[in-house]
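Everything below belongs to structure_18.txt, which stores compact mmCIF, C-alpha atoms.
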```txt
# COMPACT_ATOMS: atom_id res chain seq x y z
CA MET J 874 26.80 36.86 24.86
CA ALA J 875 23.90 39.24 24.21
CA ALA J 876 22.31 39.54 20.78
CA LEU J 877 22.06 42.89 19.09
CA ILE J 878 18.42 42.16 18.23
CA ASP J 879 15.94 41.38 21.02
CA LEU J 880 13.21 39.01 19.74
CA ALA J 881 11.49 38.42 23.05
CA LEU J 882 8.28 40.19 22.04
CA LEU J 883 8.16 38.71 18.52
CA THR J 884 5.98 35.65 17.82
CA LEU J 885 8.12 33.12 15.96
CA ASN J 886 6.53 30.24 14.07
CA PRO J 887 8.12 27.34 12.22
CA GLN J 888 7.98 27.60 8.43
CA GLU J 889 4.79 26.04 7.14
CA ALA J 890 4.76 23.76 4.14
CA LEU J 891 3.76 25.83 1.14
CA SER J 892 2.83 23.08 -1.31
CA ALA J 893 1.37 19.58 -1.27
CA SER J 894 4.71 18.13 -2.37
CA GLU J 895 6.13 19.10 1.03
CA ALA J 896 3.38 17.38 2.99
CA VAL J 897 3.14 13.83 4.26
CA PHE J 898 -0.32 12.36 3.78
CA GLU J 899 -1.80 9.45 5.68
CA LYS J 900 -1.23 6.36 3.56
CA LEU J 901 -4.13 4.71 1.81
CA TYR J 902 -5.24 1.38 3.18
CA ALA J 903 -4.24 -1.66 1.17
CA LYS J 904 -7.19 -3.10 -0.70
CA PRO J 905 -7.58 -5.52 -3.57
CA ALA J 906 -8.32 -4.28 -7.04
CA LEU J 907 -11.91 -5.28 -7.70
CA ASP J 908 -10.94 -7.43 -10.65
CA SER J 909 -8.49 -9.45 -8.54
CA ALA J 910 -11.25 -10.48 -6.12
CA HIS J 911 -14.41 -10.45 -8.25
CA ILE J 912 -15.68 -10.22 -11.76
CA ILE J 913 -17.86 -7.20 -12.54
CA ALA J 914 -21.25 -7.89 -14.13
CA THR J 915 -22.57 -4.78 -15.87
CA GLY J 916 -25.98 -3.73 -17.12
CA ILE J 917 -27.55 -4.52 -13.74
CA GLN J 918 -29.92 -1.71 -12.73
CA MET J 919 -33.11 -3.46 -11.69
CA LYS J 920 -34.20 -6.85 -10.38
CA THR J 921 -32.83 -9.29 -12.96
CA GLN J 922 -33.10 -13.07 -13.11
CA ILE J 923 -30.01 -15.29 -12.96
CA PRO J 924 -31.07 -18.75 -14.21
CA PHE J 925 -29.10 -21.92 -13.37
CA TYR J 926 -29.52 -25.15 -15.32
CA GLY J 927 -28.61 -28.53 -13.89
CA GLN J 928 -27.24 -31.57 -15.69
CA PHE J 929 -29.07 -34.69 -16.88
CA GLY J 930 -29.17 -37.53 -14.40
CA ILE J 931 -27.76 -41.04 -14.94
CA LEU J 932 -28.23 -42.43 -18.42
CA GLY J 933 -27.23 -45.56 -20.34
CA LYS J 934 -28.61 -49.10 -19.91
CA LYS J 935 -27.96 -52.26 -21.85
CA SER J 936 -30.22 -52.59 -24.84
CA ALA J 937 -33.32 -54.71 -24.22
CA GLY J 938 -33.18 -55.98 -27.81
CA SER J 939 -35.91 -56.20 -30.44
CA CYS J 940 -35.37 -52.55 -31.36
CA ASN J 941 -36.52 -51.46 -27.93
CA VAL J 942 -34.53 -48.32 -27.08
CA ASN J 943 -34.37 -47.60 -23.37
CA ALA J 944 -36.61 -44.60 -22.67
CA ALA J 945 -35.11 -41.91 -20.41
CA THR J 946 -37.12 -39.46 -18.35
CA VAL J 947 -34.36 -37.16 -17.16
CA ALA J 948 -34.60 -33.36 -17.27
CA ALA J 949 -32.21 -30.50 -16.56
CA VAL J 950 -33.63 -28.83 -13.45
CA ALA J 951 -33.65 -25.04 -13.64
CA THR J 952 -33.24 -22.86 -10.56
CA GLN J 953 -32.79 -19.12 -10.18
CA LYS J 954 -31.42 -16.22 -8.19
CA TYR J 955 -31.98 -12.51 -8.76
CA TRP J 956 -29.78 -9.51 -9.04
CA ASP J 957 -31.46 -6.86 -6.90
CA PRO J 958 -29.09 -3.89 -6.87
CA ALA J 959 -29.34 -1.00 -4.46
CA LEU J 960 -28.64 2.58 -5.48
CA ILE J 961 -25.85 3.89 -3.27
CA ASN J 962 -24.95 7.57 -3.16
CA PHE J 963 -23.33 10.25 -1.08
CA ARG J 964 -22.53 13.97 -1.39
CA LEU J 965 -19.49 15.80 -0.07
CA THR J 966 -19.49 19.58 0.36
CA HIS J 967 -16.56 21.97 0.45
CA CYS J 968 -16.47 25.71 1.12
CA GLN J 969 -13.25 27.47 0.15
CA GLU J 970 -13.96 30.33 2.55
CA ASP J 971 -13.84 27.92 5.49
CA ILE J 972 -10.15 27.28 4.84
CA ASN J 973 -8.13 29.54 7.13
CA GLN J 974 -6.21 32.07 5.04
CA LEU J 975 -3.15 31.44 7.20
CA PHE J 976 -3.02 27.85 5.90
CA LYS J 977 -0.62 28.61 3.09
CA MET J 978 -0.67 25.19 1.44
CA TRP J 979 -4.34 25.54 0.50
CA LYS J 980 -4.23 28.59 -1.76
CA ARG J 981 -7.14 31.02 -1.89
CA ALA J 982 -8.11 33.21 -4.83
CA GLU J 983 -6.68 36.71 -4.90
CA SER J 984 -9.95 38.08 -6.26
CA ALA J 985 -12.55 38.58 -3.53
CA LEU J 986 -15.37 37.59 -5.86
CA ALA J 987 -13.55 34.37 -6.75
CA THR J 988 -12.95 33.46 -3.09
CA TRP J 989 -15.58 30.74 -3.11
CA GLU J 990 -15.32 29.39 -6.64
CA GLU J 991 -11.66 29.24 -7.60
CA MET J 992 -9.95 25.98 -6.67
CA PRO J 993 -6.52 25.16 -8.12
CA ASN J 994 -6.17 21.89 -10.03
CA GLU J 995 -3.91 20.50 -7.31
CA GLN J 996 -6.69 20.91 -4.76
CA VAL J 997 -9.30 19.38 -7.07
CA ALA J 998 -7.05 16.37 -7.68
CA PHE J 999 -6.42 15.96 -3.96
CA LEU J 1000 -10.13 15.90 -3.11
CA SER J 1001 -10.87 13.62 -6.09
CA ASP J 1002 -8.28 11.06 -4.99
CA LEU J 1003 -9.70 10.99 -1.46
CA THR J 1004 -13.22 10.52 -2.79
CA ILE J 1005 -12.32 7.75 -5.24
CA ASP J 1006 -10.53 5.83 -2.50
CA ALA J 1007 -13.49 6.27 -0.14
CA THR J 1008 -15.85 5.05 -2.88
CA LEU J 1009 -13.85 1.83 -3.35
CA GLU J 1010 -13.87 1.35 0.43
CA SER J 1011 -17.67 1.63 0.42
CA ILE J 1012 -18.01 -0.89 -2.45
CA LEU J 1013 -15.82 -3.45 -0.66
CA ARG J 1014 -17.68 -2.95 2.63
CA ILE J 1015 -21.15 -3.23 1.12
CA THR J 1016 -20.47 -6.22 -1.15
CA SER J 1017 -18.68 -8.23 1.54
CA PHE J 1018 -20.59 -7.28 4.69
CA GLY J 1019 -23.96 -6.00 3.55
CA ASP J 1020 -26.80 -7.56 5.55
CA THR J 1021 -30.40 -6.42 5.18
CA GLY J 1022 -31.08 -7.84 8.65
CA ALA J 1023 -28.07 -6.25 10.36
CA LEU J 1024 -28.48 -5.17 13.99
CA ALA J 1025 -26.32 -3.36 16.50
CA VAL J 1026 -24.62 -5.34 19.26
CA ALA J 1027 -27.03 -3.85 21.80
CA ASP J 1028 -29.95 -5.23 19.76
CA GLY J 1029 -28.49 -8.72 19.46
CA GLY J 1030 -26.51 -8.20 16.24
CA HIS J 1031 -22.86 -7.73 15.34
CA ILE J 1032 -22.54 -4.07 14.27
CA THR J 1033 -20.56 -1.98 16.74
CA ASP J 1034 -22.83 0.14 18.91
CA GLY J 1035 -22.86 3.73 17.71
CA VAL J 1036 -22.28 2.79 14.06
CA SER J 1037 -25.36 3.34 11.90
CA ILE J 1038 -26.67 0.02 10.59
CA LEU J 1039 -27.78 1.90 7.46
CA TYR J 1040 -24.20 1.52 6.24
CA PHE J 1041 -24.86 -2.24 6.00
CA THR J 1042 -28.55 -2.89 5.33
CA MET J 1043 -28.75 -2.04 1.61
CA ILE J 1044 -28.05 -5.56 0.26
CA ASP J 1045 -27.13 -9.04 1.48
CA GLY J 1046 -23.42 -9.26 0.76
CA PHE J 1047 -21.17 -12.25 0.21
CA TRP J 1048 -20.68 -13.19 3.86
CA ASP J 1049 -24.38 -13.03 4.70
CA GLN J 1050 -25.07 -15.33 1.74
CA ILE J 1051 -22.26 -17.63 2.90
CA PHE J 1052 -23.74 -17.90 6.40
CA THR J 1053 -27.09 -18.84 4.84
CA GLY J 1054 -25.47 -21.48 2.62
CA VAL J 1055 -23.54 -23.03 5.51
CA ALA J 1056 -26.69 -23.13 7.67
CA ALA J 1057 -28.54 -24.87 4.83
CA GLY J 1058 -25.78 -27.46 4.49
CA THR J 1059 -25.07 -26.55 0.86
CA LEU J 1060 -21.72 -24.82 1.43
CA PRO J 1061 -18.86 -26.68 3.18
CA ARG J 1062 -17.24 -24.93 6.13
CA TYR J 1063 -14.04 -25.34 8.08
CA THR J 1064 -14.47 -23.95 11.61
CA ILE J 1065 -11.78 -21.62 12.92
CA ASN J 1066 -12.11 -22.27 16.64
CA GLU J 1067 -10.28 -19.11 17.69
CA ASN J 1068 -13.11 -16.99 16.25
CA SER J 1069 -15.29 -18.01 19.20
CA GLY J 1070 -12.79 -16.66 21.73
CA ALA J 1071 -14.35 -14.43 24.39
CA THR J 1072 -11.59 -11.81 24.21
CA TYR J 1073 -9.45 -10.15 21.56
CA ALA J 1074 -6.40 -11.93 22.96
CA ASN J 1075 -8.05 -15.35 22.74
CA GLN J 1076 -9.16 -14.68 19.17
CA ASN J 1077 -5.70 -13.55 18.11
CA ASN J 1078 -4.01 -16.61 19.62
CA LEU J 1079 -4.24 -18.59 16.41
CA ALA J 1080 -2.82 -22.10 16.26
CA ALA J 1081 0.51 -22.03 14.44
CA ASP J 1082 -0.89 -24.05 11.54
CA ARG J 1083 -4.42 -22.61 11.46
CA ALA J 1084 -4.17 -21.07 7.98
CA LEU J 1085 -2.58 -24.24 6.60
CA LEU J 1086 -5.35 -26.41 8.05
CA ALA J 1087 -8.00 -24.05 6.72
CA MET J 1088 -6.60 -23.99 3.18
CA ARG J 1089 -6.12 -27.76 3.18
CA ALA J 1090 -9.68 -28.31 4.38
CA LEU J 1091 -11.16 -25.97 1.78
CA PHE J 1092 -9.14 -27.58 -1.00
CA ASN J 1093 -10.32 -31.04 0.07
CA GLN J 1094 -13.95 -30.03 0.71
CA ILE J 1095 -14.73 -28.01 -2.39
CA ASP J 1096 -16.57 -29.86 -5.14
CA PRO J 1097 -14.19 -30.97 -7.93
CA ARG J 1098 -16.25 -28.90 -10.35
CA GLY J 1099 -15.25 -25.80 -8.41
CA ARG J 1100 -11.66 -26.89 -7.85
CA THR J 1101 -11.03 -27.36 -11.57
CA GLN J 1102 -12.51 -24.07 -12.74
CA PRO J 1103 -10.29 -21.28 -14.09
CA GLY J 1104 -9.89 -18.29 -11.80
CA LEU J 1105 -9.91 -20.34 -8.59
CA VAL J 1106 -8.42 -18.27 -5.74
CA PHE J 1107 -8.15 -18.30 -1.98
CA GLN J 1108 -9.30 -15.05 -0.40
CA MET J 1109 -8.47 -14.55 3.27
CA THR J 1110 -8.07 -12.02 6.03
CA ASP J 1111 -4.64 -10.59 6.67
CA SER J 1112 -4.70 -12.33 10.05
CA LEU J 1113 -4.73 -15.74 8.35
CA TYR J 1114 -2.22 -14.69 5.72
CA LYS J 1115 0.28 -13.64 8.40
CA ASN J 1116 -0.34 -16.93 10.18
CA TRP J 1117 0.51 -18.75 6.93
CA LEU J 1118 3.74 -16.79 6.47
CA ASP J 1119 4.75 -17.44 10.08
CA TYR J 1120 4.13 -21.14 9.59
CA LEU J 1121 6.32 -21.25 6.47
CA GLU J 1122 9.15 -19.47 8.25
CA ASP J 1123 8.89 -21.67 11.34
CA LYS J 1124 9.10 -24.74 9.13
CA SER J 1125 12.16 -23.38 7.31
CA LEU J 1126 10.13 -23.02 4.16
CA ALA J 1127 10.81 -19.31 3.79
CA PHE J 1128 12.23 -19.94 0.31
CA THR J 1129 8.64 -20.44 -0.86
CA LEU J 1130 7.59 -16.98 0.29
CA GLU J 1131 8.66 -15.25 -2.87
CA ARG J 1132 10.43 -15.98 -6.10
CA THR J 1133 11.83 -13.31 -8.38
CA GLU J 1134 11.39 -13.50 -12.12
CA VAL J 1135 12.59 -10.62 -14.29
CA GLY J 1136 12.47 -8.30 -11.31
CA LYS J 1137 8.92 -9.21 -10.33
CA VAL J 1138 7.80 -11.13 -7.26
CA THR J 1139 5.31 -13.88 -7.97
CA GLN J 1140 2.04 -14.08 -6.05
CA MET J 1141 1.79 -16.34 -3.02
CA SER J 1142 -0.16 -19.53 -3.62
CA TYR J 1143 -1.15 -22.81 -1.98
CA ARG J 1144 -1.15 -25.97 -4.12
CA GLY J 1145 -0.83 -23.72 -7.14
CA ILE J 1146 -3.93 -21.66 -6.23
CA PRO J 1147 -3.29 -17.89 -5.87
CA ILE J 1148 -3.91 -16.19 -2.52
CA VAL J 1149 -5.66 -12.80 -2.43
CA VAL J 1150 -5.27 -11.01 0.91
CA ARG J 1151 -8.42 -9.13 1.90
CA TYR J 1152 -7.01 -6.40 4.09
CA ASP J 1153 -10.39 -4.72 3.78
CA TRP J 1154 -12.05 -7.61 5.63
CA ASP J 1155 -9.78 -7.15 8.66
CA ARG J 1156 -10.29 -3.39 8.54
CA ASN J 1157 -14.09 -3.54 8.40
CA ILE J 1158 -14.39 -6.21 11.09
CA LEU J 1159 -12.10 -4.27 13.41
CA SER J 1160 -13.88 -0.96 12.79
CA TYR J 1161 -17.52 -2.00 12.64
CA MET J 1162 -18.01 -5.45 14.21
CA ASP J 1163 -16.76 -5.07 17.76
CA THR J 1164 -18.75 -6.25 20.77
CA GLY J 1165 -16.50 -4.39 23.18
CA THR J 1166 -14.64 -7.53 24.25
CA ALA J 1167 -14.23 -9.46 20.98
CA LEU J 1168 -14.70 -9.16 17.22
CA HIS J 1169 -17.28 -10.90 15.05
CA LEU J 1170 -15.45 -13.73 13.25
CA PRO J 1171 -12.16 -11.87 12.67
CA HIS J 1172 -10.49 -14.75 10.77
CA ARG J 1173 -12.17 -15.65 7.47
CA MET J 1174 -11.36 -17.35 4.18
CA TRP J 1175 -13.07 -18.64 1.08
CA LEU J 1176 -12.02 -20.73 -1.89
CA THR J 1177 -14.02 -20.22 -5.05
CA PRO J 1178 -13.51 -19.11 -8.67
CA LEU J 1179 -13.70 -15.38 -9.32
CA ASN J 1180 -16.66 -15.82 -11.63
CA ASN J 1181 -18.65 -17.35 -8.74
CA VAL J 1182 -18.48 -14.13 -6.71
CA PRO J 1183 -19.48 -11.37 -9.14
CA ILE J 1184 -20.36 -7.80 -8.27
CA GLY J 1185 -23.29 -6.44 -10.26
CA THR J 1186 -23.64 -2.81 -11.33
CA SER J 1187 -25.30 -0.81 -14.09
CA ASP J 1188 -22.04 0.51 -15.54
CA GLU J 1189 -18.55 -0.27 -14.27
CA SER J 1190 -17.47 3.35 -14.76
CA ASN J 1191 -20.01 4.39 -12.10
CA LEU J 1192 -17.84 2.67 -9.50
CA SER J 1193 -15.17 5.32 -9.93
CA ASP J 1194 -16.93 8.31 -11.54
CA LEU J 1195 -17.43 11.58 -9.67
CA ASP J 1196 -19.68 14.56 -10.35
CA MET J 1197 -17.85 17.63 -9.05
CA PHE J 1198 -19.55 21.01 -9.49
CA TYR J 1199 -19.83 24.47 -7.95
CA ASP J 1200 -23.11 26.11 -6.94
CA ARG J 1201 -22.87 29.89 -7.17
CA THR J 1202 -26.05 30.40 -5.18
CA VAL J 1203 -24.75 28.79 -1.99
CA LYS J 1204 -21.02 29.29 -2.83
CA VAL J 1205 -20.21 25.62 -2.21
CA HIS J 1206 -18.30 22.95 -4.16
CA TYR J 1207 -20.13 19.62 -4.31
CA THR J 1208 -18.89 16.12 -5.09
CA ASP J 1209 -21.59 13.56 -5.83
CA VAL J 1210 -21.07 9.81 -6.05
CA ALA J 1211 -23.73 7.29 -7.08
CA TYR J 1212 -23.66 3.67 -8.21
CA TYR J 1213 -25.86 0.61 -8.36
CA ILE J 1214 -24.44 -2.42 -6.55
CA ASP J 1215 -25.26 -6.01 -5.73
CA ALA J 1216 -23.19 -9.10 -4.92
CA LYS J 1217 -23.91 -12.77 -5.54
CA PHE J 1218 -22.26 -15.96 -4.29
CA LEU J 1219 -23.73 -17.79 -7.24
CA GLU J 1220 -23.36 -21.55 -6.74
CA ASN J 1221 -22.58 -22.93 -3.30
CA TYR J 1222 -21.05 -26.21 -4.56
CA MET J 1223 -18.43 -24.08 -6.33
CA GLY J 1224 -16.97 -22.86 -3.04
CA ALA J 1225 -15.79 -23.73 0.44
CA VAL J 1226 -15.39 -21.34 3.36
CA ALA J 1227 -13.63 -21.01 6.70
CA TYR J 1228 -14.60 -18.81 9.65
```
Starting from the file, give its structure as structure tokens.
Amino acid sequence: MAALIDLALLTLNPQEALSASEAVFEKLYAKPALDSAHIIATGIQMKTQIPFYGQFGILGKKSAGSCNVNAATVAAVATQKYWDPALINFRLTHCQEDINQLFKMWKRAESALATWEEMPNEQVAFLSDLTIDATLESILRITSFGDTGALAVADGGHITDGVSILYFTMIDGFWDQIFTGVAAGTLPRYTINENSGATYANQNNLAADRALLAMRALFNQIDPRGRTQPGLVFQMTDSLYKNWLDYLEDKSLAFTLERTEVGKVTQMSYRGIPIVVRYDWDRNILSYMDTGTALHLPHRMWLTPLNNVPIGTSDESNLSDLDMFYDRTVKVHYTDVAYYIDAKFLENYMGAVAY
């Protein structure tokens, strides 16, 4: 049956979304809240001493008599580390005129003179949210994987070729300090054999009980002084966490996976110690530490109190503050981010690691 209106020469387009509420945005990556993985030390803006004081040695002998008190020559040995924060910053630019006028969701000013400057609150909030999330991503990357001696794979290092090493060389992060401690014999390590696999497949073929063995080893190896401190947590890659869940299910222990209390699910733990899943570790290793055939130590874990892995900054608010402004001369909206950052694995005897 023929239509009374011939649309053959008319360009027909699907209806575009007209507001942000109609759009589907790429989901944010899961990441730990900073205070669930570290404590934040503030007031750190320049090289600052962190002193450590040891304990007295052995004391107490039987009295020699005749009012002769046993003389002791012990002393508390002092050692030190230093906060040495780096100033991190970046600037994002946005030009309203570059947004195609046919893109109806991103509204443009009706006034020609306001074309460049006017930006609805919804758009400002959208860009702010993206920037804040990206800032947290940068903090987690730098504090965990910073390495002042980082090199690209082609130069004998571990950073994926084509990725600028300047995204890693600002400070020595937690893992670089851990590698140094293990090499010095002051930090106990459980070796995850699959990490040395020559291919992605070999690395991902974890033994069914690998996470269990790693947690057990770290619990048994850590100094009792670390094991009895408040705030003790396991932190591990998602790859090891999934291996742990699989193990529990395979052993018919799925009832331990979660327990509901007043509508809330309790946190997973091992031997009463909470587990923090570091999805950001998996993400950074996969994105930036790829040799082309395998990843650099994709399965990692540490056991240490939160106060032994602090992040240092001048002011905690700087880790989430933005400076958004418009420059009428160049007709551009700017977003500036800046923060001081450093990371310290303070006392090696207070931790144990697996990789």
Kindly extract all protein, DNA and RNA residues lying within 9 Å of the coordinates (-1.1, -21.2, -1.2) given in the file, considering all atoms listed in the file, and supply them as a short mmCIF file (atom, residue, chain, number, x, y, z; two decimals) with C-alpha atoms, in the frame of the given file.
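And here's selection_9.cif as it stands now:
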```
data_model
loop_
_atom_site.label_atom_id
_atom_site.label_comp_id
_atom_site.auth_asym_id
_atom_site.auth_seq_id
_atom_site.Cartn_x
_atom_site.Cartn_y
_atom_site.Cartn_z
CA LEU J 1085 -2.58 -24.24 6.60
CA MET J 1088 -6.60 -23.99 3.18
CA PHE J 1107 -8.15 -18.30 -1.98
CA TRP J 1117 0.51 -18.75 6.93
CA MET J 1141 1.79 -16.34 -3.02
CA SER J 1142 -0.16 -19.53 -3.62
CA TYR J 1143 -1.15 -22.81 -1.98
CA ARG J 1144 -1.15 -25.97 -4.12
CA GLY J 1145 -0.83 -23.72 -7.14
CA ILE J 1146 -3.93 -21.66 -6.23
CA PRO J 1147 -3.29 -17.89 -5.87
CA ILE J 1148 -3.91 -16.19 -2.52
#
```
> Between J:Tyr1207, J:Phe1198, J:Trp1175, J:Tyr1222, which is the closest to J:Thr966 once you count only C-alpha atoms?
Replying inline: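 Answer, going by the shortest atom-to-atom distance: J:Tyr1207.
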> So how many Å separate atom CA of J:Thr988 and atom CA of J:Thr1202, to one decimal?
Replying inline: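 Value for the atom CA of J:Thr988-atom CA of J:Thr1202 distance: 13.6 Å.
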> Which residue, J:Phe963, J:Tyr1212, J:Trp989, J:Trp1048, has the smallest gap to J:Asp1200 when you use all atoms listed in the file?
Replying inline: J:Trp989
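You will find atom CA of J:Gly1185 at 21.1 Å from atom CA of J:Thr1004.
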